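Student: Sharing a structure here in structure tokens format.
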Amino acid sequence: MTSLQDMEAALEAVLLVSSEPVPKDKLLQVFEDREQERAQEALRLVIERYRESLEHGFFLEEVAGGLRLVTRPDLHGYLRRFFEVSGHSKLSMAALETLAIIAYRQPITGPEIQELRGVSSSGVLKTLLEKRLIRITGRKQVVGKPFLYGTTREFLMHFGLQRLDELPPLDEFEEAFGFGESGESEV
Amino acid sequence: MTSEKQRTSLPQAWQVQLPVFEGPLDLLLHLVRINQVEITDIPVALICDQFYEYLGLMDELNLDVAGDYIYEAALLIQLKSQMLLPSRGGEGSEEELDPRHNLVHRLLEYQRIKNAAQTMAEVDSVRQGIWTRQPQSARELVSVPHQEVELSEVSLFDLLRSLKEVLGRYDHEHPDPLRLSGERFSVRDQFERLLGVLSAGRPYDFLEDLRGRSGRAEVVAAFLALLELARLSLVRMHQTGEGELLLYRTTREVEQHELEAVPA
């Protein structure tokens with residue numbers, strides 16, 4: 001029987017070398033079936049130990065349906081200096097608008113995005129595809145068969161989401177600004 | 001629509017700084033905000049005029065007035081003229097026929113998107129600071145065939161990128177074949193060359209000479225040159241029992257006009 005301590009150590013080891021978020025059930029597969037109960041306890045302890053804190057430079061993040069070790073965001077200055085990284089790859093407002101439309105209205109076509117934003121978005125779409133934040137999910141069966149776009153797992157990881165439904169509902173924004181879908185009641 | 005009379009020109013302060021807008025809808029929202037009007041009750045004439053003023057401003061600053069703005073401006077003008085027409089519907093259906101409905105709907109939707117985008121921008125800027133283990137180093141650690149690729153995450157774009165890589169590698173490993181421009185051999189060159197190698201009284205093996213030519217084209221040129229030399233009685237030809245073709249230079253000198261008559 002593996003001891004609880006060894007289990008925790010094993011989980012730490014797997015998480016350390018994994019670059020992708022590892023789903024919990026996959027993580028527990030390294031232990032035998034009869035040990036599963038204790039394994040779950042070990043995982044709970046590991047998650048607890050590596051929650052984001054001021055004690056460590058990294059923490060265990062639950063994202064895109066899995067667990068992964070990431071660095072604390074406030075330390076990026078040191079990392080950039082050490083790895084001699086310059087320049088920011090922050091997303092432009094145009095990219096974020098397009099991404100928001102896709103995230104909330106997927107699957108959606110390029111022309112539909114253009115209608116919503118009022119400007120052509122083809123350049124931005126290309127950038128988002130390159131960054132792998134969106135992907136082509138198919139083609140809409142209308143004239144011209146335009147591509148349909150949707151978000152990727154990368155998107156979840158980038159924005160720290162477990163699932164798409166963790167996105168704050170769009171209607172909340174609407175309420176925050178105090179007007180409804182159509183203005184009839186206010187006229 | 002009482003507010004339309006308030007002011008039709010842009011506030012002075014606004015003309016000083018020119019915010020960057022993400023598009024015509026962004027500009028429209030901005031105009032709604034600075035005029036402090038309800039998005040659901042837009043004074044079309046006022047907004048339309050200010051929209052045009054902004055386009056003029058962009059023009060003055062030599063910014064490209066994108067087609068998207070011009071398209072939106074055209075829609076606004078159409079809307080403005082529709083607003084001037086008396087409503088055709090009965091009194092009860094007046095609201096449903098509000099020509100602004102579509103614009104209001106688009107602005108509200110855009111407003112929501114914009115707010116969502118702003119929230120995402122905040123998340124983005126924080127999470128840009130998060131670093132993770134690089135996939136490569138994990139692969140180096142494990143020598144077994146690398147981790148399963150999640151099929152659902154391989155997009156058409158990934159495939160295209162892979163294809164591009166493969167094609168790039170192929171091109172690198174298969175450089176274009178060395179292209180030689182077709183060499184041209186002139187009969188006159190061969191004529192002169194043969195005259196140069198022939199010396200009086202010494203037989204010259206023509207077949208051996210042809211073997212030294214670079215290819216069919218030069219052989220043909222050399223052969224034609226030989227015919228020319230023979231026609232001008234500059235060489236005599238003998239064929240031996242073994243099939244050798246021997247050339248003998250005659251004593252006759254080549255004349256300049258004869259040389260020039262040989263096709264170059």
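For the structure tokens, the naming scheme is as follows: chains receive sequential letters (A, B, ...) according to their order of presentation, residues are indexed from 1 within each chain, and ligands are indexed from 1 in presentation order.
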Residues of chain B that approach chain A to 7 Å or less, counting only C-alpha atoms: could you list each one with the shortest pair of atoms and its distance in Å to one decimal, rows by chain and increasing residue number, as a Markdown table?
Tutor:
```
| residue | atom | partner | partner_atom | distance |
| --- | --- | --- | --- | --- |
| B:Glu22 | CA | A:Ala94 | CA | 6.3 |
| B:Gly23 | CA | A:Val119 | CA | 5.8 |
| B:Pro24 | CA | A:Gly118 | CA | 6.1 |
| B:Leu25 | CA | A:Gly118 | CA | 5.9 |
| B:Thr40 | CA | A:Gly183 | CA | 5.1 |
| B:Asp68 | CA | A:Val119 | CA | 5.5 |
| B:Glu95 | CA | A:Glu184 | CA | 6.9 |
| B:His105 | CA | A:Ser182 | CA | 6.7 |
| B:Arg106 | CA | A:Leu116 | CA | 6.7 |
| B:Tyr110 | CA | A:Leu116 | CA | 6.2 |
| B:Arg112 | CA | A:Phe173 | CA | 5.8 |
| B:Ile113 | CA | A:Ala100 | CA | 6.2 |
| B:Lys114 | CA | A:Glu97 | CA | 6.0 |
| B:Asn115 | CA | A:Phe173 | CA | 6.5 |
| B:Ala116 | CA | A:Ala100 | CA | 6.2 |
| B:Ala117 | CA | A:Glu97 | CA | 5.0 |
| B:Met120 | CA | A:Leu96 | CA | 6.9 |
| B:Ala121 | CA | A:Leu96 | CA | 6.7 |
| B:Val123 | CA | A:Phe159 | CA | 6.4 |
| B:Asp124 | CA | A:Phe159 | CA | 6.5 |
| B:Ser125 | CA | A:Lys90 | CA | 6.5 |
| B:Val126 | CA | A:Pro73 | CA | 6.4 |
| B:Arg127 | CA | A:Pro73 | CA | 6.3 |
| B:Gly129 | CA | A:Pro73 | CA | 4.2 |
| B:Ile130 | CA | A:Pro73 | CA | 4.5 |
| B:Trp131 | CA | A:Thr71 | CA | 5.2 |
| B:Thr132 | CA | A:Val70 | CA | 4.8 |
| B:Arg133 | CA | A:Ser19 | CA | 5.1 |
| B:Gln134 | CA | A:Ser19 | CA | 6.1 |
| B:Pro135 | CA | A:Ser19 | CA | 5.2 |
| B:Ala138 | CA | A:Val17 | CA | 5.7 |
| B:Glu153 | CA | A:Thr152 | CA | 7.0 |
| B:Ser155 | CA | A:Arg135 | CA | 5.9 |
| B:Leu156 | CA | A:Ile136 | CA | 6.6 |
| B:Phe157 | CA | A:Leu129 | CA | 6.9 |
```
Student: Considering only C-alpha atoms, return as a list of chain:residue names whatever protein or nucleic-acid residues lie within 8 Å of Val187 of chain B, sequence-local ones (same chain, fewer than 6 positions apart) excluded.
Tutor: B:Ala221, B:Ala222, B:Leu224, B:Ala225, B:Val262, B:Pro263, B:Ala264
Student: Give me every strand (DSSP E or B) residue in segment 4-184 of chain A, going by DSSP on the backbone, as a ChimeraX atom specification.
Tutor: /A:22,58-63,66-71,108-109,134-139,147-151
Student: With only C-alpha atoms as the basis for distance, which of B:Leu207, B:Leu198, B:Leu167, B:Leu159 is at the shortest distance from Leu234 of chain B?
Tutor: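 Going through B:Leu207, B:Leu198, B:Leu167, B:Leu159 one by one, the smallest distance to Leu234 of chain B is for B:Leu198.
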Student: What does the distance from atom CA of Ser122 of chain A to atom CA of Pro146 of chain A come to in Å, to one decimal?
Tutor: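 Pair atom CA of Ser122 of chain A / atom CA of Pro146 of chain A returns 12.0 Å.
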Student: Tell me which of A:Pro107, A:Lys131, A:Glu166, A:Glu12 sits closest to Leu60 of chain A, counting only C-alpha atoms.
Tutor: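 The shortest atom-to-atom distance to Leu60 of chain A comes from A:Glu12.
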